[in-house]
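Colleague: Before I ask anything, here is the structure I am working with.
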Amino acid sequence: MMKSRSNYWLAVLFILAGVVIGGFIGTYLGGIPFLSWLNYGTTFGITNPMTLDLGVLILHFGLSIRFTIAGIIGILIAIFVYRKF
């Protein structure tokens with residue numbers, strides 16, 4: 001039972017790494033004209049953060065997720081590498 005749980009977290013780790021690496025690749029290679037399609041995507045979430053002012057402490061809550069072509073490619077590569085691993 002413990003092995004399947006560790007495999008689950010390993011898969012999540014691989015997918016998160018794929019998203020991050022794909023995002024970096026999309027950001028840096030998106031400036032090259034013939035690779036600009038890698039940075040094409042959409043952003044959704046809370047664009048204006050919610051603010052909770054407690055007088056002494058001010059908290060800002062917000063979440064924004066950006067999906068790009070490079071991020072999706074990174075996820076697919078991460079799943080492929082995880083299955084081979």
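Residues in the structure tokens are numbered from 1 in each chain, the chains being A, B, ... in the order shown, and ligands are numbered from 1 in the order shown.
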Which residues, written as a VMD selection string, have at least one atom at most 8 Å from region 70-72 of chain A, with only C-alpha atoms counted and residues fewer than 3 positions away on the same chain left out?

Modeller: chain A and resid 18 to 23 25 to 26 38 to 39 67 75 to 76

Colleague: Pull the strand (DSSP E) assignments for region 1-61 of chain A out of DSSP run on the backbone, and list those residues as an NGL selection string.

Modeller: :A and (41-45 or 50-53 or 58-61)

Colleague: Would you mind telling me which residue in A:Ile69, A:Gly74, A:Leu59, A:Asn48 lies nearest to Ser36 (chain A) when using only C-alpha atoms?

Modeller: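 Among A:Ile69, A:Gly74, A:Leu59, A:Asn48, it is A:Ile69 that comes nearest to Ser36 (chain A).
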
Colleague: DSSP says helix (DSSP H, G or I) for which residues of chain A? Put them as a ChimeraX atom specification?

Modeller: /A:2-29,33-39,69-84

Colleague: Could you work out how far CA of Gly45 (chain A) lies from CA of Tyr82 (chain A), giving the answer in Å with one decimal?

Modeller: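 Pair CA of Tyr82 (chain A) / CA of Gly45 (chain A) returns 28.5 Å.
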
Colleague: Which of these residues is nearest to Thr47 (chain A), using only C-alpha atoms: A:Phe14, A:Phe34, A:Phe61, A:Phe85?

Modeller: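 Closest to Thr47 (chain A), using only C-alpha atoms: A:Phe61.
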
Colleague: When you count only C-alpha atoms, which of these residues is closest to Val81 (chain A): A:Tyr8, A:Ile46, A:Ala17, A:His60?

Modeller: A:Ala17
